[in-house]
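Beneath this line is the structure, given in structure tokens, with notes to follow.
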Amino acid sequence: MAGGRLGLAARHTSPPVEARKRADGVKRKMRSVRTWGPGLLLVSPSILLIGFFVYGLIGWSANISTTNQNSRFERAPGTSPDAHIGLGNYTALFTDPAFIQSLKHLGILAAVYIAGALFFGMLWALLLEKGVRAEGLFRTVYLFPMAVSMFASGVVWNWLLNSDTGKSASGLNQLFDMVGLGFLKSHWWVASPTWGIAAIAMPAIWQLSGYIMALFLAGFRGIPAELREAARIDGASEYQLYRHVLFPQLSPIALSALIILGHMSLKMFDIIMAISGEKNVYTNVPMVTMWTLTGQQDFARAAAVAMILLVLVALLVVPYLVYNARQEKNS
Amino acid sequence: MSRVRRKAAAVFAVAAVLAVSACSSNTPTTTSTNSGAATKNVQVFTWWAAGGEKAGLDGMISVFKKDCSQYTFVNAAVAGGGGDKAKTLLANNLKAGNAPSSFQAHAGGELSDYIANGQVEDITSLFKAAGLDSAFPKTLVDQITVAGKIYSVPADIHRANMVWVNPVVLKKANIDPKKAPATVKDWIADLAKLKAAGVATPLVLSKGFAEEMLLESTLLGDLGVEKFNGLYDGSTKWDGADVTAALGDFKALVSYSNTDRETMDWDAAMSKYLMPTDVATATGGYQLMGDWVPAQLLSLKVPDSAYTYWPAPGTDGVYQWLSDSFTLPKGGTNAAGAQCWLKVVGSADGQKAFNLVKGSIPARSDATSAGYPAYQQWAMTQWKSSKLAPSLAHGSAGPGAWNNDVQTAMSAFSANPDVASLQKTLAAAAAKYSNWRSTLG
């Protein structure tokens, strides 16, 4: 439309006018470059950085995971390390009982960790939301563990989770003995090669619950006071107020919390290395396997573990991103 | 206003691009040191970052400064228990073509990982030129020779098959702390006596390599040195009846140990049970551990009169050795400087400066024991008179992957002490790895 009108105008106007119009067009283009140009310039470093360091390296790892760059004991004799062997490393992992066990561990760890952190985060947020004296103090106390490095707290939890339940018990078991709760004593993570991993979730819950509390607390504070007033005027009980008015408003926050906790649990490494270390049957998870394999110069299989973890994280995060994008479009 | 913002954006973008290019050029600058002042630097990678180990390294560095004054020593030590973290970092660096001038590695089987990947140079000629083939005991030279070639210079010798004893605790069952039980079975009988006398933790045990060391000492004590050495070259079968019997003894030994063995390292276990600050409260009788124990106890101000030691039962006259050695990596920086470093490592002066403070002994058989602490003097006479056996837990007997598999099997055994399934796992690991020498051909 616009082009047609321009063309029509051009036929009837003298050359200088035409030139001016053309100059106008260039100017307009320039202006539009000026509007998106600086923006693009501003984000281009991060596009380049993320393009190379994230997506480029994902591609690189994916490529390595299909090669023969294993330790010499895993490689068929006489084959080149750079030869591509398709999904051979993946089949080897999925037929290895130790790796299957580590996936089970990961599932148990994630479930206990997510449920625990959500529960305590929500509980503390509720308590603070109901109004306590010195809220600032409690908020800090609950949030504080997050400020400690996972590895540093892991070293301390290694002492706390000592599995000795006898006379020379130390750590939590000793504490239980001292306060007369001896029946709570446990072998913690060495209690069972299958379920012991759940004990590792404990320090992680301790560390992250404060953060989840902060999320929920912000959510509670974001709900307009009129809604509560309206519900109270309509005769809603305190339970009904939370159940039908406040909690539904928190569901987007609960979802975010779930995603954050979920992907953190899949990538949990430092706290496990500090508490129980590698090369054991109790707390072996894929992240730890990846570390051990790298140390053995088993790069292809380590890369395969990395790709499996990436897929697991993507299964969690991608639906969330899609959901988010849809929400934004709707609003 | 908008022009200012645009300028700022442009400046930011340029800065970011520069940052990217700086990042990407980072790797080449550290590897290409063929020009200028950089050739003077000799970068040595170790996991000796603290304590007696660091002091020993510093001693060797001072000899290097004197003997190789044309070069500058660059200490690339990485902290972390037993080198696990350093080894993973090193694997990545070597893979990325970013090799140091020289790096620390356990002599023997563990080195084969680097040999197989073509990451270390054959230094046989340097070894012979420096006269090291005659300075070191012949059996040691044989055990570190792979397909006729030598790839590293041993800096020290440690002994793995040692038991450390608390005499105060043994007194409770009237056991002579100075006299080692003759066999593993006798030791188990003594452990039972201690248990009966009310000692809570007759045997102090800790996770990972400590359990593996106890396993190896038991096998060595029960099978004898020839058969034991055969376990690592395929000539002794891991599924044989004699191994089954030894694993039965191992099970008995573990049953006398602390239940929190999986949650602590050897030094924490030693401080908790064997040698607590107040020795009168000690509840542990014996602990099997390598001979880095005296240096550790010295740093905790435990006098050497507070403990006794002997070779693990049944292994008297056998030196289960492990050795830290230095290599010449392929494509490493400054090969000439690295060779000067390797000569210092093998020299009598270098070995003395290092071992005197580290608590180990020189690998050279011409070393004199004068000036060394009591344990080391005794160890040096033992080193000269004993038969040699390698250690899987400390990298002299086999490749790292084999060691990792056995350590994992140890934690499974600790959870469920089933001899049959342990033997099956050990046999499977041996089937996979015992041909490690022939994979280097």
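Within each chain, counting starts at residue 1; across the structure tokens, chains are named A, B, ... in the order shown, with ligands numbered 1 upward in that order.
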Report task. Enumerate as a PyMOL selection string the residues belonging to chain A that approach chain B to within 9 Å, with only C-alpha atoms taken into account. Result -> chain A and resi 38-39+41-46+48-49+71-74+77+158-159+161-169+187+189-193+275-276+278-282+291-297
Keeping C-alpha atoms, export the residues of the selection given above as a short mmCIF file (atom, residue, chain, number, x, y, z; two decimals), in the first residue's frame.
data_model
loop_
_atom_site.label_atom_id
_atom_site.label_comp_id
_atom_site.auth_asym_id
_atom_site.auth_seq_id
_atom_site.Cartn_x
_atom_site.Cartn_y
_atom_site.Cartn_z
CA PRO A 38 22.11 -0.63 19.84
CA GLY A 39 19.91 -3.27 21.39
CA LEU A 41 24.86 -4.60 19.76
CA LEU A 42 24.18 -4.79 23.46
CA VAL A 43 22.99 -8.38 23.44
CA SER A 44 25.34 -9.66 20.73
CA PRO A 45 28.18 -10.43 23.15
CA SER A 46 25.89 -12.61 25.19
CA LEU A 48 28.03 -15.01 20.98
CA LEU A 49 29.06 -16.18 24.44
CA SER A 71 39.75 -45.68 28.41
CA ARG A 72 41.64 -48.42 26.57
CA PHE A 73 39.76 -51.10 28.49
CA GLU A 74 36.41 -50.02 27.06
CA PRO A 77 41.17 -53.44 20.31
CA ASN A 158 29.89 -35.30 56.88
CA TRP A 159 30.66 -35.04 60.60
CA LEU A 161 25.90 -37.69 59.60
CA ASN A 162 28.42 -40.03 61.21
CA SER A 163 26.93 -43.51 61.07
CA ASP A 164 28.17 -44.68 64.47
CA THR A 165 25.17 -45.46 66.71
CA GLY A 166 27.10 -47.01 69.58
CA LYS A 167 28.84 -45.53 72.61
CA SER A 168 31.23 -43.45 70.57
CA ALA A 169 28.46 -41.92 68.45
CA HIS A 187 23.14 -45.03 60.09
CA TRP A 189 23.44 -42.65 54.22
CA VAL A 190 25.24 -45.94 54.90
CA ALA A 191 21.99 -47.48 56.18
CA SER A 192 21.20 -48.97 52.78
CA PRO A 193 22.77 -48.90 49.31
CA ILE A 275 29.70 -35.91 52.54
CA SER A 276 30.36 -39.31 51.04
CA GLU A 278 32.98 -40.95 44.95
CA LYS A 279 33.52 -44.70 44.37
CA ASN A 280 30.85 -45.95 46.73
CA VAL A 281 27.58 -47.79 46.26
CA TYR A 282 25.52 -45.64 48.61
CA TRP A 291 33.53 -37.07 37.61
CA THR A 292 34.98 -40.54 38.21
CA LEU A 293 34.87 -41.38 34.50
CA THR A 294 36.68 -38.15 33.61
CA GLY A 295 39.43 -39.03 36.08
CA GLN A 296 39.84 -42.39 34.33
CA GLN A 297 40.21 -40.54 31.02
#
- Query: Could you pull out all residues of segment 66-297 of chain B with a DSSP call of strand (DSSP E or B) and give them as number ranges by chain?
  - Reply: B: 72-77, 102-106, 120, 146, 149, 152-154, 157-159, 162-165, 201-204, 257, 284-288
Could you check which of A:Glu135, A:Asp24, A:Asp82, A:Asp96 is closest to Phe299 of chain A, using only C-alpha atoms?
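The shortest atom-to-atom distance to Phe299 of chain A comes from A:Asp82.
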Of B:Gly221, B:Pro167, B:Gly56, B:Gly230, the one sitting nearest Asp186 of chain B when using only C-alpha atoms is B:Gly221
So that I can see what lies close to Arg437 of chain B, please list as a list in words the residues with an atom at most 9 Å from it, counting only C-alpha atoms and leaving out residues fewer than 5 positions away in the same chain.
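Contacts, with the query itself left out: Gly109, Ser112, Val146, Ala147, Asp233 and Gly398 of chain B.
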Worksheet entry | For segment 321-331 of chain B: contacts at 8 Å, only C-alpha atoms, fewer than 5 positions along chain excluded, given as an NGL selection string | :B and (97 or 99-107 or 118-123 or 151-160 or 338-339 or 342 or 345 or 388-391 or 394-396)
Report, in Å to a single decimal, how far apart atom CA of Gly51 of chain B and atom CA of Ser217 of chain B are.
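These two atoms are separated by 27.1 Å.
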_To one decimal place in Å, what is the distance between atom CA of Val44 of chain B and atom CA of Ala393 of chain B?_
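The value is 24.1 Å.
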**Q.** Contacts of segment 97-106 of chain A at 6 Å (only C-alpha atoms; same-chain gap of 4+ positions) as a ChimeraX atom specification
**A.** /A:110,284-286
Contact residues around Ala367 of chain B with only C-alpha atoms at 10 Å, ignoring same-chain residues under 2 positions, as a count of residues only = 14
The residue from A:Gly210, A:Pro16, A:Pro81, A:Gly196 with the smallest atom-to-atom distance to Ala117 of chain A, counting only C-alpha atoms, is A:Gly210
Q. If you run DSSP on the backbone, which residues of segment 41-175 of chain A are helix (DSSP H, G or I), as a PyMOL selection string?
A. chain A and resi 41-65+88-94+97-129+135-147+150-160+172-175
Notebook entry, point to check: Could you name the residues that touch Asn324 of chain A at 12 Å or less, counting only C-alpha atoms, but leaving out those on the same chain fewer than 3 positions away, as a list in words?
Noted result: Pro252, Ile253, Leu255, Ser256, Ile259, Val317, Val318, Pro319, Tyr320, Leu321, Gln327, Glu328, Lys329, Asn330 and Ser331 of chain A
As a check of understanding: the span from atom CA of Ala300 of chain A to atom CA of Ser65 of chain A is 4.5 Å
